[in-house]
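A short worksheet on the structure shown next.
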Amino acid sequence: MNMKRLIVTLALLAVTALAYAQKSPLLKTWVEIAQVEENDSIVLEVFYIYDDVPRQYYLCLGSLGVGNELIQFGVDPVDLLFLPLGGNLDEVILSLQEIKELYKMPKGGSTQVDGYFSLLAPSGDLIPITVTSRRLIFSKLLEFSIPDSTQDLVRATYVDKCNFNSLLGSVKFYKKLHPTE
């Protein structure tokens with residue numbers, strides 16, 4: 001009986017310590033600027049973290065699948081891919097327009113950008129992310145990928161040009177509503 005009480009007390013202490021942790025990525029509050037949904041799930045989102053000083057805006061590209069160039073399996077729903085966009089809305093729009101220009105790369109063309117691959121919120125060191133132009137029958141895609149260090153597989157997510165244009169338009173509209181941000 002005393003062992004159960006000790007375990008419950010330790011568990012409560014651990015939960016309390018996590019609840020009061022200042023830098024826990026699990027407790028960061030996102031302030032959403034714009035998002036794009038597809039099939040009732042968010043596929044793209046621009047946000048900033050409420051308590052961060054100075055303010056930094058991010059693009060969340062969602063979770064990554066694991067596979068090769070043709071087939072990706074979604075196996076990790078909590079680690080997300082983030083790109084830093086800047087400290088104000090003008091920089092955000094400029095960064096998003098630079099990403100939009102990548103859709104003009106020839107099929108298979110690629111470049112690298114820096115971003116974060118982390119648990120639920122941008123944290124840790126910046127890592128190189130490969131951006132590759134892909135084409136389907138009637139759509140252009142950007143593949144954002146990082147190598148899987150354990151195998152010869154690629155972890156990637158795909159962003160449709162139509163969805164990206166919708167996100168950029170939403171951010172521009174937000175800027176008109178909040179010109180001082």
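Going through the structure tokens in order, the chains are called A, B, and so on, while each chain numbers its residues from 1 and the ligands are numbered from 1 in the order shown.
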
> In stretch 29-153 of chain A, what's helix (DSSP H, G or I) per DSSP? Answer as number ranges by chain?
Replying inline: A: 89-104

Close residues, A:Val131 itself excluded, 6 Å, only C-alpha atoms, min 6 positions apart in chain, as an mmCIF file with N, CA and C atoms, in the first residue's frame:
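Generated output (result39.cif):
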```
data_model
loop_
_atom_site.group_PDB
_atom_site.id
_atom_site.type_symbol
_atom_site.label_atom_id
_atom_site.label_comp_id
_atom_site.auth_asym_id
_atom_site.auth_seq_id
_atom_site.Cartn_x
_atom_site.Cartn_y
_atom_site.Cartn_z
ATOM 1 N N SER A 110 15.841 21.014 -57.031
ATOM 2 C CA SER A 110 15.753 21.117 -55.578
ATOM 3 C C SER A 110 16.670 22.208 -55.050
ATOM 4 N N THR A 111 16.376 22.630 -53.847
ATOM 5 C CA THR A 111 17.168 23.607 -53.117
ATOM 6 C C THR A 111 17.050 23.274 -51.636
ATOM 7 N N GLN A 112 17.770 24.001 -50.803
ATOM 8 C CA GLN A 112 17.686 23.757 -49.365
ATOM 9 C C GLN A 112 17.269 25.020 -48.626
ATOM 10 N N GLU A 143 8.032 19.190 -52.385
ATOM 11 C CA GLU A 143 8.337 18.160 -51.407
ATOM 12 C C GLU A 143 9.337 18.742 -50.418
ATOM 13 N N PHE A 144 8.983 18.770 -49.148
ATOM 14 C CA PHE A 144 9.877 19.210 -48.082
ATOM 15 C C PHE A 144 10.350 17.938 -47.388
#
```

> Which of stretch 114-166 of chain A counts as strand (DSSP E) under DSSP, as a count of residues only please?
Replying inline: 30

Would you tabulate, counting only C-alpha atoms, all residues of stretch 107-167 of chain A that have an atom at most 9 Å from an atom of stretch 54-62 of chain A, showing the closest pair of atoms and their distance in Å to one decimal, sorted by chain then ascending number, as JSON lines?
```
{"residue": "A:Ala121", "atom": "CA", "partner": "A:Cys60", "partner_atom": "CA", "distance": 8.9}
{"residue": "A:Pro122", "atom": "CA", "partner": "A:Tyr58", "partner_atom": "CA", "distance": 8.1}
{"residue": "A:Phe144", "atom": "CA", "partner": "A:Leu61", "partner_atom": "CA", "distance": 8.3}
{"residue": "A:Thr157", "atom": "CA", "partner": "A:Leu61", "partner_atom": "CA", "distance": 7.3}
{"residue": "A:Tyr158", "atom": "CA", "partner": "A:Leu61", "partner_atom": "CA", "distance": 8.4}
{"residue": "A:Val159", "atom": "CA", "partner": "A:Leu61", "partner_atom": "CA", "distance": 7.8}
```

>> as number ranges by chain, please: the residues near A:Ser170 (cut-off 10 Å, only C-alpha atoms, same-chain neighbours under 6 positions excluded).
In response: A: 33-36, 46, 164, 176

With all heavy atoms retained, could you export that selection as a CSV table (one decimal), in the first residue's frame?
```csv
chain,number,residue,atom,x,y,z
A,33,ILE,N,-2.3,32.8,-37.4
A,33,ILE,CA,-2.4,33.9,-38.4
A,33,ILE,C,-3.3,33.4,-39.5
A,33,ILE,O,-4.2,34.1,-40.0
A,33,ILE,CB,-1.1,34.4,-38.9
A,33,ILE,CG1,-0.2,34.9,-37.7
A,33,ILE,CG2,-1.2,35.5,-39.9
A,33,ILE,CD1,-0.9,36.0,-36.9
A,34,ALA,N,-3.0,32.3,-40.1
A,34,ALA,CA,-3.7,31.7,-41.2
A,34,ALA,C,-3.5,30.2,-41.3
A,34,ALA,O,-2.4,29.7,-40.8
A,34,ALA,CB,-3.2,32.3,-42.5
A,35,GLN,N,-4.5,29.5,-41.8
A,35,GLN,CA,-4.3,28.1,-42.0
A,35,GLN,C,-5.1,27.6,-43.2
A,35,GLN,O,-6.0,28.2,-43.6
A,35,GLN,CB,-4.8,27.3,-40.7
A,35,GLN,CG,-6.2,27.3,-40.5
A,35,GLN,CD,-6.6,26.5,-39.2
A,35,GLN,OE1,-5.8,26.2,-38.4
A,35,GLN,NE2,-7.9,26.2,-39.1
A,36,VAL,N,-4.7,26.4,-43.7
A,36,VAL,CA,-5.3,25.8,-44.8
A,36,VAL,C,-5.7,24.4,-44.3
A,36,VAL,O,-4.9,23.7,-43.8
A,36,VAL,CB,-4.4,25.7,-46.0
A,36,VAL,CG1,-5.1,24.9,-47.1
A,36,VAL,CG2,-4.1,27.1,-46.5
A,46,VAL,N,0.3,29.3,-40.5
A,46,VAL,CA,1.3,30.3,-40.2
A,46,VAL,C,0.9,30.8,-38.8
A,46,VAL,O,-0.3,31.1,-38.5
A,46,VAL,CB,1.3,31.5,-41.2
A,46,VAL,CG1,2.1,32.7,-40.7
A,46,VAL,CG2,1.7,31.0,-42.5
A,164,PHE,N,-0.9,26.4,-51.1
A,164,PHE,CA,0.0,27.4,-50.7
A,164,PHE,C,-0.4,28.8,-51.1
A,164,PHE,O,-0.3,29.7,-50.3
A,164,PHE,CB,1.4,27.1,-51.3
A,164,PHE,CG,2.5,27.9,-50.7
A,164,PHE,CD1,3.1,27.5,-49.5
A,164,PHE,CD2,2.9,29.1,-51.2
A,164,PHE,CE1,4.1,28.2,-48.9
A,164,PHE,CE2,3.9,29.8,-50.6
A,164,PHE,CZ,4.5,29.4,-49.4
A,176,LYS,N,-3.9,43.1,-43.8
A,176,LYS,CA,-4.7,44.2,-44.1
A,176,LYS,C,-5.6,44.5,-42.8
A,176,LYS,O,-5.9,45.7,-42.5
A,176,LYS,CB,-5.7,44.0,-45.3
A,176,LYS,CG,-4.9,44.1,-46.6
A,176,LYS,CD,-5.9,43.9,-47.7
A,176,LYS,CE,-5.1,44.0,-49.0
A,176,LYS,NZ,-6.0,43.9,-50.2
```

> By how many Å are atom CA of A:Ser118 and atom CA of A:Leu85 apart?
Replying inline: 16.5 Å

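Ranking A:Lys161, A:Pro147, A:Leu83, A:Leu153 by their shortest atom-to-atom distance to A:Glu101, with only C-alpha atoms included, puts A:Lys161 first.
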
>> I'd like the neighbourhood of A:Lys140 as a PyMOL selection string, where a residue qualifies if any of its atoms comes within 8 Å (using only C-alpha atoms), though same-chain residues fewer than 5 positions away should be ignored.
In response: chain A and resi 103+133-135+160-161

Same residues, N, CA, C and O atoms, output as a short mmCIF file (atom, residue, chain, number, x, y, z; two decimals), in the first residue's frame:
```
data_model
loop_
_atom_site.label_atom_id
_atom_site.label_comp_id
_atom_site.auth_asym_id
_atom_site.auth_seq_id
_atom_site.Cartn_x
_atom_site.Cartn_y
_atom_site.Cartn_z
N TYR A 103 7.97 26.87 -56.74
CA TYR A 103 7.09 26.08 -57.59
C TYR A 103 7.48 26.20 -59.07
O TYR A 103 7.10 25.37 -59.88
N SER A 133 10.90 20.16 -56.39
CA SER A 133 9.72 20.39 -57.22
C SER A 133 9.22 19.06 -57.76
O SER A 133 9.97 18.27 -58.32
N ARG A 134 7.93 18.81 -57.59
CA ARG A 134 7.29 17.59 -58.08
C ARG A 134 6.07 17.97 -58.92
O ARG A 134 5.48 19.03 -58.72
N ARG A 135 5.71 17.13 -59.84
CA ARG A 135 4.53 17.36 -60.68
C ARG A 135 3.64 16.12 -60.65
O ARG A 135 4.13 15.00 -60.71
N ASP A 160 0.75 21.30 -51.99
CA ASP A 160 0.15 21.62 -53.28
C ASP A 160 0.19 23.13 -53.50
O ASP A 160 -0.02 23.90 -52.56
N LYS A 161 0.44 23.56 -54.72
CA LYS A 161 0.54 24.99 -55.03
C LYS A 161 -0.77 25.72 -54.73
O LYS A 161 -0.76 26.84 -54.22
#
```

> Separation of atom CA of A:Ala156 and atom CA of A:Leu142, in Å?
Replying inline: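 For atom CA of A:Ala156 relative to atom CA of A:Leu142, the distance reads 10.0 Å.
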
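Going from atom CA of A:Cys162 over to atom CA of A:Phe47, you cover 19.6 Å.
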